[in-house]
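Here the structure comes first, spelled out in structure tokens, and everything after it is commentary.
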Amino acid sequence: MALRRGGGPCPRSGPQGLTATTAATGTIGFVFNLLWAATFCIALFLAYLLAGVLCCLTVIGIPFGLQGFKLAAISLWPVGRRVVPVEAARMVRDERAADLLASYRGV
């Protein structure tokens, strides 16, 4: 279940709400990703990759370089990807692991 900042359930999550497959994915998302790849993808990817390498040359720049590499990966195929806080990703991962464990146990 998705949570709002206040801690309550998100009204758009669930069977009729926003899911991983309805968030700009599918055929339309694929078409937009192809349009993106044909126009700006390579230039932006190479720019972020170069910036990441240059930042990693210094000890202080390594965290910025790692973020540049993450942005380079997102710039290749951006439609349908989500950027979420670490806490939200960890919460969803733990919840899915608990559900999977419960299904293995037969509960």
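Labels for the structure tokens follow display order: chains A, B, ..., residues from 1 in each chain, ligands from 1.
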- Message: I'd like the contact shell of Leu50 in chain A - 9 Å cut-off, only C-alpha atoms, skipping same-chain residues fewer than 5 positions apart - returned as a list in words.
- Response: Phe45, Cys55, Gly68 and Phe69 of chain A
Expected file: the selected residues, N, CA and C atoms, as a short mmCIF file (atom, residue, chain, number, x, y, z; two decimals), in the first residue's frame:
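Result written to result00.cif:
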data_model
loop_
_atom_site.label_atom_id
_atom_site.label_comp_id
_atom_site.auth_asym_id
_atom_site.auth_seq_id
_atom_site.Cartn_x
_atom_site.Cartn_y
_atom_site.Cartn_z
N PHE A 45 22.80 11.09 -22.49
CA PHE A 45 23.49 9.96 -21.87
C PHE A 45 25.00 10.18 -21.85
N CYS A 55 33.72 13.84 -12.48
CA CYS A 55 33.52 14.04 -11.04
C CYS A 55 34.22 12.97 -10.22
N GLY A 68 25.69 11.13 -11.29
CA GLY A 68 25.75 11.33 -12.74
C GLY A 68 25.54 10.02 -13.49
N PHE A 69 26.10 8.93 -12.97
CA PHE A 69 25.90 7.62 -13.60
C PHE A 69 24.45 7.17 -13.49
#
- Message: So that I can check the surroundings of Phe64 in chain A, please list as a ChimeraX atom specification every protein, DNA and RNA residue that reaches within 10 Å of it, counting only C-alpha atoms and ignoring chain neighbours fewer than 3 positions away.
- Response: /A:51-56,60-61,67-70
Return as a compact mmCIF listing (two decimals) with N, CA, C and O atoms, in the first residue's frame the full set of residues in range 53-104 of chain A whose backbone-based DSSP assignment is alpha helix (DSSP H).
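Once everything was written out, this is part_33.txt:
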# COMPACT_ATOMS: atom_id res chain seq x y z
N VAL A 53 32.28 10.62 -14.96
CA VAL A 53 33.70 10.23 -14.99
C VAL A 53 34.57 11.38 -14.48
O VAL A 53 35.48 11.17 -13.68
N LEU A 54 34.28 12.60 -14.93
CA LEU A 54 35.08 13.75 -14.50
C LEU A 54 34.92 14.01 -13.00
O LEU A 54 35.90 14.36 -12.32
N CYS A 55 33.72 13.84 -12.48
CA CYS A 55 33.52 14.04 -11.04
C CYS A 55 34.22 12.97 -10.22
O CYS A 55 34.69 13.25 -9.11
N ILE A 62 33.27 12.11 -5.97
CA ILE A 62 32.77 10.75 -6.20
C ILE A 62 31.25 10.63 -5.98
O ILE A 62 30.57 10.04 -6.82
N PRO A 63 30.67 11.19 -4.91
CA PRO A 63 29.21 11.08 -4.78
C PRO A 63 28.46 11.74 -5.94
O PRO A 63 27.44 11.23 -6.40
N PHE A 64 28.99 12.85 -6.44
CA PHE A 64 28.35 13.52 -7.57
C PHE A 64 28.51 12.69 -8.84
O PHE A 64 27.62 12.63 -9.69
N GLY A 65 29.65 12.04 -8.98
CA GLY A 65 29.87 11.17 -10.13
C GLY A 65 28.93 9.99 -10.14
O GLY A 65 28.41 9.61 -11.19
N LEU A 66 28.69 9.40 -8.98
CA LEU A 66 27.76 8.28 -8.89
C LEU A 66 26.34 8.72 -9.27
O LEU A 66 25.61 7.98 -9.94
N GLN A 67 25.96 9.90 -8.84
CA GLN A 67 24.64 10.42 -9.23
C GLN A 67 24.58 10.69 -10.72
O GLN A 67 23.55 10.50 -11.36
N GLY A 68 25.69 11.13 -11.29
CA GLY A 68 25.75 11.33 -12.74
C GLY A 68 25.54 10.02 -13.49
O GLY A 68 24.86 9.98 -14.52
N PHE A 69 26.10 8.93 -12.97
CA PHE A 69 25.90 7.62 -13.60
C PHE A 69 24.45 7.17 -13.49
O PHE A 69 23.89 6.59 -14.42
N LYS A 70 23.80 7.46 -12.35
CA LYS A 70 22.39 7.12 -12.21
C LYS A 70 21.53 7.91 -13.19
O LYS A 70 20.61 7.38 -13.80
N LEU A 71 21.86 9.20 -13.34
CA LEU A 71 21.11 10.02 -14.29
C LEU A 71 21.35 9.57 -15.73
O LEU A 71 20.45 9.64 -16.57
N ALA A 72 22.55 9.09 -16.01
CA ALA A 72 22.83 8.57 -17.35
C ALA A 72 21.97 7.35 -17.64
O ALA A 72 21.42 7.21 -18.75
N ALA A 73 21.80 6.48 -16.66
CA ALA A 73 20.97 5.29 -16.86
C ALA A 73 19.51 5.67 -17.06
O ALA A 73 18.83 5.10 -17.92
N ILE A 74 19.03 6.65 -16.30
CA ILE A 74 17.64 7.08 -16.45
C ILE A 74 17.43 7.77 -17.79
O ILE A 74 16.37 7.66 -18.39
N SER A 75 18.43 8.48 -18.29
CA SER A 75 18.26 9.21 -19.55
C SER A 75 18.17 8.30 -20.76
O SER A 75 17.71 8.73 -21.81
N LEU A 76 18.58 7.05 -20.63
CA LEU A 76 18.47 6.13 -21.78
C LEU A 76 17.03 5.73 -22.07
O LEU A 76 16.63 5.66 -23.23
N VAL A 86 14.45 6.81 -0.75
CA VAL A 86 15.00 5.53 -0.32
C VAL A 86 14.08 4.86 0.69
O VAL A 86 13.87 3.65 0.65
N GLU A 87 13.50 5.65 1.58
CA GLU A 87 12.62 5.09 2.61
C GLU A 87 11.41 4.43 1.98
O GLU A 87 10.98 3.35 2.42
N ALA A 88 10.82 5.05 0.96
CA ALA A 88 9.65 4.47 0.31
C ALA A 88 10.01 3.19 -0.42
O ALA A 88 9.27 2.20 -0.35
N ALA A 89 11.15 3.17 -1.09
CA ALA A 89 11.58 1.96 -1.79
C ALA A 89 11.86 0.83 -0.79
O ALA A 89 11.49 -0.32 -1.03
N ARG A 90 12.47 1.16 0.32
CA ARG A 90 12.77 0.16 1.35
C ARG A 90 11.48 -0.40 1.95
O ARG A 90 11.35 -1.60 2.16
N MET A 91 10.49 0.47 2.18
CA MET A 91 9.23 0.04 2.75
C MET A 91 8.50 -0.91 1.79
O MET A 91 8.01 -1.97 2.21
N VAL A 92 8.46 -0.58 0.52
CA VAL A 92 7.81 -1.44 -0.46
C VAL A 92 8.54 -2.77 -0.59
O VAL A 92 7.92 -3.83 -0.66
N ARG A 93 9.88 -2.72 -0.61
CA ARG A 93 10.66 -3.94 -0.70
C ARG A 93 10.41 -4.86 0.49
O ARG A 93 10.23 -6.07 0.34
N ASP A 94 10.37 -4.29 1.70
CA ASP A 94 10.11 -5.10 2.90
C ASP A 94 8.71 -5.68 2.89
O ASP A 94 8.50 -6.83 3.27
N GLU A 95 7.73 -4.88 2.43
CA GLU A 95 6.35 -5.36 2.38
C GLU A 95 6.22 -6.51 1.38
O GLU A 95 5.56 -7.52 1.65
N ARG A 96 6.84 -6.38 0.22
CA ARG A 96 6.78 -7.46 -0.77
C ARG A 96 7.50 -8.71 -0.28
O ARG A 96 7.06 -9.82 -0.54
N ALA A 97 8.62 -8.53 0.42
CA ALA A 97 9.33 -9.68 0.97
C ALA A 97 8.48 -10.40 2.01
O ALA A 97 8.45 -11.64 2.05
N ALA A 98 7.77 -9.63 2.84
CA ALA A 98 6.90 -10.25 3.85
C ALA A 98 5.76 -11.00 3.17
O ALA A 98 5.39 -12.12 3.60
N ASP A 99 5.17 -10.44 2.12
CA ASP A 99 4.11 -11.12 1.38
C ASP A 99 4.61 -12.40 0.73
O ASP A 99 3.93 -13.43 0.75
N LEU A 100 5.80 -12.35 0.15
CA LEU A 100 6.37 -13.53 -0.49
C LEU A 100 6.66 -14.62 0.54
O LEU A 100 6.36 -15.79 0.31
N LEU A 101 7.20 -14.21 1.68
CA LEU A 101 7.48 -15.19 2.75
C LEU A 101 6.19 -15.81 3.26
O LEU A 101 6.12 -17.01 3.50
N ALA A 102 5.13 -15.01 3.41
CA ALA A 102 3.84 -15.52 3.85
C ALA A 102 3.27 -16.51 2.83
O ALA A 102 2.67 -17.52 3.20
N SER A 103 3.46 -16.23 1.54
CA SER A 103 2.95 -17.15 0.52
C SER A 103 3.74 -18.47 0.53
O SER A 103 3.18 -19.52 0.25
N TYR A 104 5.03 -18.42 0.84
CA TYR A 104 5.83 -19.65 0.95
C TYR A 104 5.39 -20.48 2.15
O TYR A 104 5.40 -21.70 2.09
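CA of Trp77 in chain A is found 7.8 Å from CA of Trp36 in chain A.
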List as a PDB file with N, CA, C and O atoms, in the first residue's frame the protein and nucleic acid residues near Leu34 in chain A, meaning an atom at most 12 Å away when only C-alpha atoms are counted, but skip any in the same chain fewer than 5 places from it.
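result_37.pdb was written with the following content:
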ATOM      1  N   THR A  27       2.239   0.395 -24.454  1.00  0.00           N
ATOM      2  CA  THR A  27       2.521   0.784 -25.831  1.00  0.00           C
ATOM      3  C   THR A  27       2.853   2.262 -25.956  1.00  0.00           C
ATOM      4  O   THR A  27       3.805   2.634 -26.654  1.00  0.00           O
ATOM      5  N   ILE A  28       2.086   3.102 -25.277  1.00  0.00           N
ATOM      6  CA  ILE A  28       2.334   4.541 -25.374  1.00  0.00           C
ATOM      7  C   ILE A  28       3.689   4.898 -24.781  1.00  0.00           C
ATOM      8  O   ILE A  28       4.440   5.689 -25.350  1.00  0.00           O
ATOM      9  N   GLY A  29       4.022   4.306 -23.638  1.00  0.00           N
ATOM     10  CA  GLY A  29       5.329   4.546 -23.029  1.00  0.00           C
ATOM     11  C   GLY A  29       6.459   4.089 -23.925  1.00  0.00           C
ATOM     12  O   GLY A  29       7.496   4.749 -24.038  1.00  0.00           O
ATOM     13  N   THR A  39      15.767  11.354 -30.448  1.00  0.00           N
ATOM     14  CA  THR A  39      16.049  12.785 -30.410  1.00  0.00           C
ATOM     15  C   THR A  39      17.184  13.155 -29.450  1.00  0.00           C
ATOM     16  O   THR A  39      18.234  13.599 -29.887  1.00  0.00           O
ATOM     17  N   PHE A  40      16.979  13.011 -28.167  1.00  0.00           N
ATOM     18  CA  PHE A  40      17.915  13.563 -27.188  1.00  0.00           C
ATOM     19  C   PHE A  40      18.698  12.522 -26.386  1.00  0.00           C
ATOM     20  O   PHE A  40      19.589  12.874 -25.629  1.00  0.00           O
ATOM     21  N   CYS A  41      18.349  11.293 -26.517  1.00  0.00           N
ATOM     22  CA  CYS A  41      18.846  10.249 -25.625  1.00  0.00           C
ATOM     23  C   CYS A  41      20.365  10.135 -25.612  1.00  0.00           C
ATOM     24  O   CYS A  41      20.986  10.192 -24.555  1.00  0.00           O
ATOM     25  N   ILE A  42      20.972   9.978 -26.765  1.00  0.00           N
ATOM     26  CA  ILE A  42      22.406   9.700 -26.829  1.00  0.00           C
ATOM     27  C   ILE A  42      23.222  10.879 -26.305  1.00  0.00           C
ATOM     28  O   ILE A  42      24.175  10.694 -25.534  1.00  0.00           O
ATOM     29  N   LEU A  76      18.575   7.049 -20.632  1.00  0.00           N
ATOM     30  CA  LEU A  76      18.473   6.131 -21.775  1.00  0.00           C
ATOM     31  C   LEU A  76      17.033   5.730 -22.072  1.00  0.00           C
ATOM     32  O   LEU A  76      16.634   5.664 -23.231  1.00  0.00           O
ATOM     33  N   TRP A  77      16.245   5.447 -21.064  1.00  0.00           N
ATOM     34  CA  TRP A  77      14.884   4.933 -21.250  1.00  0.00           C
ATOM     35  C   TRP A  77      14.006   5.495 -20.133  1.00  0.00           C
ATOM     36  O   TRP A  77      13.609   4.786 -19.216  1.00  0.00           O
ATOM     37  N   PRO A  78      13.658   6.801 -20.174  1.00  0.00           N
ATOM     38  CA  PRO A  78      13.079   7.474 -19.011  1.00  0.00           C
ATOM     39  C   PRO A  78      11.594   7.233 -18.762  1.00  0.00           C
ATOM     40  O   PRO A  78      11.151   7.266 -17.621  1.00  0.00           O
ATOM     41  N   VAL A  79      10.793   6.995 -19.796  1.00  0.00           N
ATOM     42  CA  VAL A  79       9.352   6.918 -19.610  1.00  0.00           C
ATOM     43  C   VAL A  79       9.001   5.613 -18.907  1.00  0.00           C
ATOM     44  O   VAL A  79       9.396   4.537 -19.338  1.00  0.00           O
TER      45      VAL A  79
END
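Rounded to one decimal, CA of Ala38 in chain A and CA of Gly80 in chain A lie 17.1 Å from each other.
Note that the spacing between CA of Phe30 in chain A and CA of Arg82 in chain A amounts to 15.2 Å.
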